[in-house]
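Content type CSV, C-alpha atoms, from the file data-v9.csv:
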```csv
chain,number,residue,atom,x,y,z
A,1226,ILE,CA,109.4,83.7,124.3
A,1227,LYS,CA,112.9,84.6,125.5
A,1228,PHE,CA,115.9,84.1,123.3
A,1229,LEU,CA,119.3,83.2,124.8
A,1230,PHE,CA,121.9,82.2,122.2
A,1231,GLN,CA,124.7,79.8,123.1
A,1232,ASP,CA,127.4,82.5,123.1
A,1233,ASP,CA,125.5,85.1,125.1
A,1234,SER,CA,124.5,85.2,128.8
A,1235,MET,CA,122.0,86.8,131.1
A,1236,SER,CA,121.9,87.7,134.7
A,1237,ALA,CA,120.3,85.4,137.3
A,1238,THR,CA,117.4,87.8,137.8
A,1239,CYS,CA,116.8,88.7,134.1
A,1240,LEU,CA,113.6,86.6,133.6
A,1241,GLN,CA,112.2,87.7,136.9
A,1242,GLU,CA,112.8,91.4,136.2
A,1243,MET,CA,111.4,91.2,132.7
A,1244,LEU,CA,108.3,89.4,133.8
A,1245,GLN,CA,107.7,91.8,136.7
A,1246,VAL,CA,107.2,94.8,134.4
A,1247,THR,CA,104.6,93.1,132.2
A,1248,ASN,CA,100.8,93.4,132.4
A,1249,SER,CA,98.0,92.1,130.2
A,1250,ASN,CA,98.7,94.7,127.5
A,1251,THR,CA,102.4,94.1,127.3
A,1252,GLN,CA,103.5,92.4,124.1
A,1253,MET,CA,107.2,92.9,124.3
A,1254,VAL,CA,109.9,93.7,126.9
A,1255,VAL,CA,113.4,95.0,126.0
A,1256,CYS,CA,116.3,95.2,128.5
A,1257,GLU,CA,119.7,96.9,128.0
A,1258,ARG,CA,122.7,94.8,127.0
A,1259,GLU,CA,126.4,94.8,127.5
A,1260,TYR,CA,128.9,93.9,124.7
A,1261,ILE,CA,131.6,91.4,125.5
A,1262,PHE,CA,134.4,91.5,122.9
A,1263,GLU,CA,136.5,88.4,122.6
A,1264,ASP,CA,140.2,88.5,121.8
A,1265,GLY,CA,141.0,89.1,118.1
A,1266,ILE,CA,138.1,91.5,117.5
A,1267,THR,CA,139.4,94.5,115.6
A,1268,THR,CA,139.2,98.1,116.7
A,1269,GLY,CA,137.1,98.8,113.7
A,1270,ILE,CA,134.4,96.3,114.8
A,1271,LYS,CA,134.5,97.7,118.3
A,1272,LYS,CA,134.0,101.2,117.0
A,1273,LYS,CA,131.1,100.0,114.9
A,1274,TYR,CA,129.3,98.6,117.9
A,1275,SER,CA,130.1,101.7,120.0
A,1276,ARG,CA,128.4,103.9,117.3
A,1277,THR,CA,125.2,101.9,117.5
A,1278,PRO,CA,122.6,104.0,119.3
A,1279,ARG,CA,121.4,102.5,122.6
A,1280,MET,CA,117.9,102.9,123.9
A,1281,TYR,CA,119.1,104.6,127.1
A,1282,GLN,CA,120.8,107.2,125.0
A,1283,LEU,CA,117.6,107.9,123.1
A,1284,VAL,CA,115.0,107.8,125.9
A,1285,GLY,CA,117.1,108.1,129.1
A,1286,ASP,CA,117.8,105.6,131.9
A,1287,LYS,CA,115.5,106.8,134.6
A,1288,GLY,CA,113.9,103.5,135.3
A,1289,VAL,CA,111.4,101.3,133.4
A,1290,GLN,CA,109.5,103.1,130.6
A,1291,HIS,CA,106.8,102.3,128.2
A,1292,ILE,CA,107.9,103.2,124.7
A,1293,SER,CA,104.7,104.0,122.7
A,1294,ALA,CA,104.3,102.8,119.2
A,1295,LYS,CA,104.2,106.4,118.0
A,1296,TYR,CA,107.4,107.3,119.7
A,1297,LEU,CA,109.1,104.1,118.3
A,1298,CYS,CA,108.1,105.3,114.8
A,1299,SER,CA,110.0,108.5,115.3
A,1300,LEU,CA,113.1,106.5,116.5
A,1301,ILE,CA,113.0,104.3,113.4
A,1302,GLY,CA,113.3,107.4,111.2
A,1303,LYS,CA,116.3,108.7,113.2
A,1304,CYS,CA,118.2,105.4,113.8
A,1305,PHE,CA,117.6,102.9,111.0
A,1306,PRO,CA,119.4,100.7,110.0
A,1307,SER,CA,121.2,100.6,113.4
A,1308,ASN,CA,119.8,98.0,115.8
A,1309,PHE,CA,119.0,100.5,118.5
A,1310,ILE,CA,116.5,98.1,120.2
A,1311,GLY,CA,119.0,95.3,120.9
A,1312,GLU,CA,120.0,91.9,119.8
A,1313,PRO,CA,117.6,88.9,120.3
A,1314,THR,CA,119.0,88.2,123.7
A,1315,SER,CA,117.7,91.6,124.8
A,1316,ILE,CA,114.0,90.9,124.1
A,1317,MET,CA,111.1,88.8,125.4
A,1318,PHE,CA,107.6,88.7,123.8
A,1319,ARG,CA,104.3,87.0,124.1
A,1320,LYS,CA,103.8,83.8,122.1
A,1321,SER,CA,100.5,85.1,121.0
A,1322,VAL,CA,102.3,87.8,119.0
A,1323,THR,CA,103.3,85.1,116.4
A,1324,LYS,CA,99.6,84.6,115.7
A,1325,LYS,CA,99.2,88.3,114.9
A,1326,ILE,CA,102.3,89.0,112.8
A,1327,GLY,CA,103.9,85.6,112.0
A,1328,PHE,CA,107.5,84.7,112.5
A,1329,PHE,CA,110.9,86.1,111.4
A,1330,ASN,CA,111.1,87.2,107.7
A,1331,SER,CA,113.2,84.5,105.9
A,1332,LYS,CA,114.2,87.0,103.2
A,1333,VAL,CA,116.1,89.1,105.8
A,1334,THR,CA,119.5,87.7,107.0
A,1335,GLN,CA,121.3,90.2,109.3
A,1336,LEU,CA,118.4,92.6,110.2
A,1337,CYS,CA,115.8,89.8,110.8
A,1338,ASP,CA,115.7,90.4,114.6
A,1339,LEU,CA,115.5,94.2,114.3
A,1340,GLU,CA,112.7,93.9,111.6
A,1341,TYR,CA,110.7,91.5,113.9
A,1342,CYS,CA,111.0,93.9,116.9
A,1343,LEU,CA,109.9,96.8,114.7
A,1344,ARG,CA,107.0,94.7,113.5
A,1345,ILE,CA,105.8,94.1,117.1
A,1346,GLY,CA,106.7,97.6,118.3
A,1347,VAL,CA,105.0,99.7,115.7
A,1348,ARG,CA,101.7,98.1,116.7
A,1349,ASP,CA,101.9,97.8,120.4
A,1350,GLY,CA,105.1,99.6,121.6
A,1351,PHE,CA,107.1,97.9,124.3
A,1352,VAL,CA,108.4,98.1,127.9
A,1353,TYR,CA,112.1,99.1,128.2
A,1354,ILE,CA,114.3,98.3,131.2
A,1355,PRO,CA,117.5,100.3,131.1
A,1356,ASP,CA,119.4,97.8,133.3
A,1357,LYS,CA,122.0,95.7,131.5
A,1358,LEU,CA,120.5,92.2,132.2
A,1359,VAL,CA,122.1,90.4,129.3
A,1360,ASN,CA,125.5,90.2,127.6
A,1361,PHE,CA,126.0,90.0,123.9
A,1362,ARG,CA,129.2,88.3,122.9
A,1363,VAL,CA,131.1,89.5,119.9
A,1364,HIS,CA,133.6,87.1,118.4
A,1365,GLY,CA,134.9,86.0,115.0
A,1366,LEU,CA,132.7,82.9,114.8
A,1367,SER,CA,129.5,84.6,115.6
A,1368,ALA,CA,126.6,84.6,113.1
A,1369,THR,CA,126.8,88.4,112.9
A,1370,GLN,CA,130.5,88.3,111.9
A,1371,LYS,CA,129.9,85.4,109.5
A,1372,ASN,CA,127.1,87.2,107.8
A,1373,ASN,CA,129.2,90.4,107.5
A,1374,SER,CA,132.1,88.5,105.8
A,1375,GLU,CA,130.4,85.6,103.9
A,1376,LYS,CA,127.1,87.3,103.0
A,1377,TYR,CA,128.3,90.8,102.5
A,1378,PHE,CA,125.8,91.9,99.9
A,1379,LYS,CA,122.8,90.6,102.0
A,1380,SER,CA,124.0,92.1,105.2
A,1381,SER,CA,125.1,95.5,103.7
A,1382,TYR,CA,122.5,96.0,101.0
A,1383,SER,CA,119.6,93.6,100.3
A,1384,ASP,CA,118.6,93.3,104.0
A,1385,ARG,CA,118.4,97.1,104.3
A,1386,ILE,CA,116.5,97.5,101.0
A,1387,ILE,CA,113.9,94.7,101.9
A,1388,THR,CA,113.4,96.1,105.4
A,1389,LEU,CA,112.8,99.6,104.1
A,1390,CYS,CA,110.4,98.2,101.5
A,1391,LEU,CA,108.5,96.5,104.3
A,1392,LEU,CA,108.3,99.8,106.2
A,1393,PHE,CA,107.0,101.6,103.1
A,1394,PHE,CA,104.7,99.0,101.5
A,1395,ASP,CA,103.8,96.1,103.9
A,1396,LEU,CA,100.4,95.9,105.6
A,1397,ASP,CA,102.1,95.1,109.0
A,1398,TYR,CA,103.6,98.5,108.9
A,1399,LYS,CA,100.5,100.6,108.2
A,1400,PHE,CA,100.7,102.0,111.7
A,1401,PHE,CA,104.3,103.0,111.1
A,1402,ARG,CA,103.4,105.0,108.0
A,1403,LYS,CA,100.5,106.6,109.8
A,1404,ASN,CA,102.6,107.7,112.8
A,1405,CYS,CA,105.9,108.5,111.2
A,1406,THR,CA,106.6,112.2,110.5
A,1407,LYS,CA,107.1,113.4,106.9
A,1408,THR,CA,110.7,114.4,107.8
A,1409,ASN,CA,111.5,110.9,109.0
A,1410,LEU,CA,109.8,109.3,106.0
A,1411,TYR,CA,112.0,111.5,103.8
A,1412,LYS,CA,115.1,110.3,105.7
A,1413,LEU,CA,114.1,106.7,105.1
A,1414,LYS,CA,113.4,107.3,101.4
A,1415,TYR,CA,116.9,108.8,101.1
A,1416,ASN,CA,118.2,105.8,102.9
A,1417,LEU,CA,116.5,103.6,100.4
A,1418,LEU,CA,117.9,105.6,97.5
A,1419,TYR,CA,121.4,105.4,99.0
A,1420,SER,CA,121.1,101.6,99.4
A,1421,LEU,CA,119.8,101.0,95.9
A,1422,TYR,CA,122.5,103.2,94.3
A,1423,HIS,CA,125.4,101.6,96.2
A,1424,ALA,CA,123.9,98.1,95.7
A,1425,ASP,CA,124.0,98.7,91.9
A,1426,LEU,CA,127.6,99.9,92.1
A,1427,TYR,CA,128.6,96.8,94.0
A,1428,ILE,CA,126.9,94.5,91.5
A,1429,LYS,CA,128.6,96.4,88.6
A,1430,THR,CA,132.0,95.9,90.3
A,1431,ASN,CA,131.3,92.2,90.9
A,1432,TYR,CA,129.5,91.7,87.5
A,1433,LYS,CA,130.8,88.1,87.2
A,1434,ASP,CA,128.7,87.0,90.2
A,1435,GLN,CA,125.3,86.2,88.6
A,1436,LEU,CA,123.8,85.4,92.0
A,1437,LEU,CA,124.1,89.0,93.1
A,1438,LEU,CA,122.2,90.2,89.9
A,1439,LYS,CA,119.5,87.5,90.5
A,1440,GLU,CA,119.1,88.5,94.2
A,1441,MET,CA,118.7,92.2,93.3
A,1442,GLN,CA,116.3,91.3,90.5
A,1443,ASP,CA,114.2,89.2,92.9
A,1444,ILE,CA,113.9,92.2,95.2
A,1445,MET,CA,112.9,94.5,92.3
A,1446,ASN,CA,110.3,92.0,91.2
A,1447,LEU,CA,108.9,91.7,94.8
A,1448,TYR,CA,108.7,95.4,95.2
A,1449,PRO,CA,108.3,96.9,91.7
A,1450,LYS,CA,107.6,100.4,93.2
A,1451,ILE,CA,111.3,100.9,94.0
A,1452,ASN,CA,112.2,100.8,90.3
A,1453,LYS,CA,111.2,104.5,90.2
A,1454,TYR,CA,114.2,105.4,92.4
A,1455,LYS,CA,116.6,104.6,89.5
A,1456,LYS,CA,115.6,107.9,87.8
A,1457,TYR,CA,117.1,109.8,90.9
A,1458,TYR,CA,120.5,108.1,90.6
A,1459,PRO,CA,122.1,111.0,88.6
A,1460,LEU,CA,120.9,113.5,91.1
A,1461,TYR,CA,122.2,111.4,94.0
A,1462,ALA,CA,125.6,111.0,92.3
A,1463,THR,CA,125.8,114.8,91.9
A,1464,LEU,CA,124.9,115.4,95.5
A,1465,LYS,CA,127.3,112.8,96.7
A,1466,SER,CA,130.2,114.5,94.7
A,1467,TRP,CA,129.3,117.9,96.2
A,1468,ILE,CA,129.2,116.4,99.7
A,1469,LEU,CA,132.6,114.8,99.3
A,1470,LEU,CA,134.1,118.0,98.0
A,1471,ILE,CA,132.7,120.0,100.9
A,1472,ARG,CA,134.1,117.5,103.4
A,1473,GLN,CA,137.5,117.6,101.8
A,1474,LYS,CA,137.6,121.4,102.0
A,1475,ASN,CA,136.5,121.3,105.6
A,1476,ASN,CA,139.2,118.7,106.5
A,1477,SER,CA,141.8,120.9,104.7
A,1478,LEU,CA,140.7,123.9,106.7
A,1479,ILE,CA,140.8,122.0,110.0
A,1480,LYS,CA,144.3,120.6,109.2
A,1481,GLY,CA,145.5,124.1,108.1
```

Turn the structure described in the file into structure tokens.
Amino acid sequence: IKFLFQDDSMSATCLQEMLQVTNSNTQMVVCEREYIFEDGITTGIKKKYSRTPRMYQLVGDKGVQHISAKYLCSLIGKCFPSNFIGEPTSIMFRKSVTKKIGFFNSKVTQLCDLEYCLRIGVRDGFVYIPDKLVNFRVHGLSATQKNNSEKYFKSSYSDRIITLCLLFFDLDYKFFRKNCTKTNLYKLKYNLLYSLYHADLYIKTNYKDQLLLKEMQDIMNLYPKINKYKKYYPLYATLKSWILLIRQKNNSLIKG
């Protein structure tokens, strides 16, 4: 299965090159992508994409490589929630994968493609081609931009929380939990605490929107284990204040 959305493009040899690197054990192939920014895209959005880690920055660009499931687990801890693997146009996978792990998670809006790639990769790894064989177009009417503006809570908070819960609790990610280091698990747990804390702040600020409260409650009901993170909110708030104070002092010293 190879995705190609209507606003993206791929090279004339993309399919050929991706198929050439497969063998009977290959479940997924990922190629590098190039961003195409349409007129009207703000500098802030461009910077956001430029800050997204790219696979060649993480593993090098010395030709085709097999990224093992264990190594991918280490990258998740370092890079999540950035889509370091690539948008759907960058990937190709065997149809038989769907019989093993199912389809996209309907509860995840913006991170659904990353979550699916991780679900495949933590079991079987993938083959990576550092060549830019596809182009991902960024424009104001894209699904990504619409989700960021019209479904802000989902794309900024609930997607991240649900995906982290899948990593920590779902059976499909048992290999991830087995192969991930304690340090990276700790980073992801902090990421979950951060997301829950700021999601609660956002809901309190927008308290008139009952849909937000229901959405968050649905997540808590689905993954009751995350309720325990609430007891760490005061500690997180204190640490956050100290971090901001240290940053302000450092900035003052730099300006001085």

- Message: Is it possible to get the residues within 10 Å of (124.4, 90.4, 98.3) (coordinates as in the file, counting only C-alpha atoms) written as number ranges by chain?
- Response: A: 1375-1384, 1424, 1427-1428, 1434, 1436-1441

- Calculate how many Å separate CA of Ala1462 (chain A) from CA of Thr1430 (chain A), rounding to one decimal.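 About the pair CA of Ala1462 (chain A) and CA of Thr1430 (chain A): they are 16.5 Å apart.
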
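Pairwise distance (CA of Gln1435 (chain A), CA of Leu1421 (chain A)) equals 17.4 Å.
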
- So what do you get for CA of Gly1311 (chain A) versus CA of Glu1257 (chain A), distance-wise?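 CA of Gly1311 (chain A) sits 7.3 Å away from CA of Glu1257 (chain A).
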
- Contacts of Met1253 (chain A) within 8 Å, all atoms listed in the file, excl. fewer than 5 positions in-chain, as a list of chain:residue names: A:Ile1316, A:Met1317, A:Phe1318, A:Arg1319, A:Ile1345, A:Gly1346, A:Gly1350, A:Phe1351, A:Val1352

- Message: Excluding Gln1290 (chain A) and its own-chain neighbours fewer than 6 positions away, which residues fall within 12 Å of it when counting only C-alpha atoms? Please give them as a list in words.
- Response: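 Non-adjacent residues within range: Val1246, Thr1247, Thr1251, Val1254, Val1255, Cys1256, Met1280, Tyr1281, Val1284, Tyr1296, Gly1350, Phe1351, Val1352, Tyr1353, Ile1354, Pro1355 and Asp1356 of chain A.
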
- Item | Residues within 6 Å of region 1233-1242 of chain A, only C-alpha atoms, excluding chain neighbours under 6 positions, as a list in words |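 Returned residues: Leu1358, Val1359, Asn1360, Phe1361 and Arg1362 of chain A.
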
Expected file contents, prior selection, C-alpha atoms, as a short mmCIF file (atom, residue, chain, number, x, y, z; two decimals), in the coordinates of the input:
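Final file, part.cif:
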```cif
data_model
loop_
_atom_site.label_atom_id
_atom_site.label_comp_id
_atom_site.auth_asym_id
_atom_site.auth_seq_id
_atom_site.Cartn_x
_atom_site.Cartn_y
_atom_site.Cartn_z
CA LEU A 1358 120.50 92.20 132.20
CA VAL A 1359 122.10 90.40 129.30
CA ASN A 1360 125.50 90.20 127.60
CA PHE A 1361 126.00 90.00 123.90
CA ARG A 1362 129.20 88.30 122.90
#
```

- Can you pull out every residue within 9 Å of region 1443-1450 of chain A, counting all atoms listed in the file, but drop anything in the same chain fewer than 6 positions away, and send it as a ChimeraX atom specification? /A:1383,1386-1387,1390,1394

Please, which residues are within 10 Å of (103.3, 96.6, 114.4) by the file's coordinates, counting all atoms listed in the file, and could they come as a compact mmCIF listing (two decimals) with C-alpha atoms, in the coordinates of the input?
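Produced file result-v4.txt, reproduced below:
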```
# COMPACT_ATOMS: atom_id res chain seq x y z
CA ALA A 1294 104.30 102.80 119.20
CA CYS A 1298 108.10 105.30 114.80
CA VAL A 1322 102.30 87.80 119.00
CA LYS A 1325 99.20 88.30 114.90
CA ILE A 1326 102.30 89.00 112.80
CA TYR A 1341 110.70 91.50 113.90
CA CYS A 1342 111.00 93.90 116.90
CA LEU A 1343 109.90 96.80 114.70
CA ARG A 1344 107.00 94.70 113.50
CA ILE A 1345 105.80 94.10 117.10
CA GLY A 1346 106.70 97.60 118.30
CA VAL A 1347 105.00 99.70 115.70
CA ARG A 1348 101.70 98.10 116.70
CA ASP A 1349 101.90 97.80 120.40
CA GLY A 1350 105.10 99.60 121.60
CA LEU A 1396 100.40 95.90 105.60
CA ASP A 1397 102.10 95.10 109.00
CA TYR A 1398 103.60 98.50 108.90
CA LYS A 1399 100.50 100.60 108.20
CA PHE A 1400 100.70 102.00 111.70
CA PHE A 1401 104.30 103.00 111.10
```

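In terms of minimum interatomic distance to Tyr1419 (chain A), A:Leu1389 ranks closest within A:Ile1261, A:Leu1229, A:Leu1389, A:Cys1405, counting all atoms listed in the file.
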
Compile the contact shell of Ile1266 (chain A) as a PDB file with C-alpha atoms, in the frame of the given file: residues with an atom at most 8 Å away, counting all atoms listed in the file, same-chain residues fewer than 4 positions apart removed.
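Saved file part_30.pdb follows:
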```
ATOM      1  CA  PHE A1262     134.400  91.500 122.900  1.00  0.00           C
ATOM      2  CA  ILE A1270     134.400  96.300 114.800  1.00  0.00           C
ATOM      3  CA  LYS A1271     134.500  97.700 118.300  1.00  0.00           C
ATOM      4  CA  VAL A1363     131.100  89.500 119.900  1.00  0.00           C
ATOM      5  CA  HIS A1364     133.600  87.100 118.400  1.00  0.00           C
ATOM      6  CA  GLY A1365     134.900  86.000 115.000  1.00  0.00           C
TER       7      GLY A1365
END
```
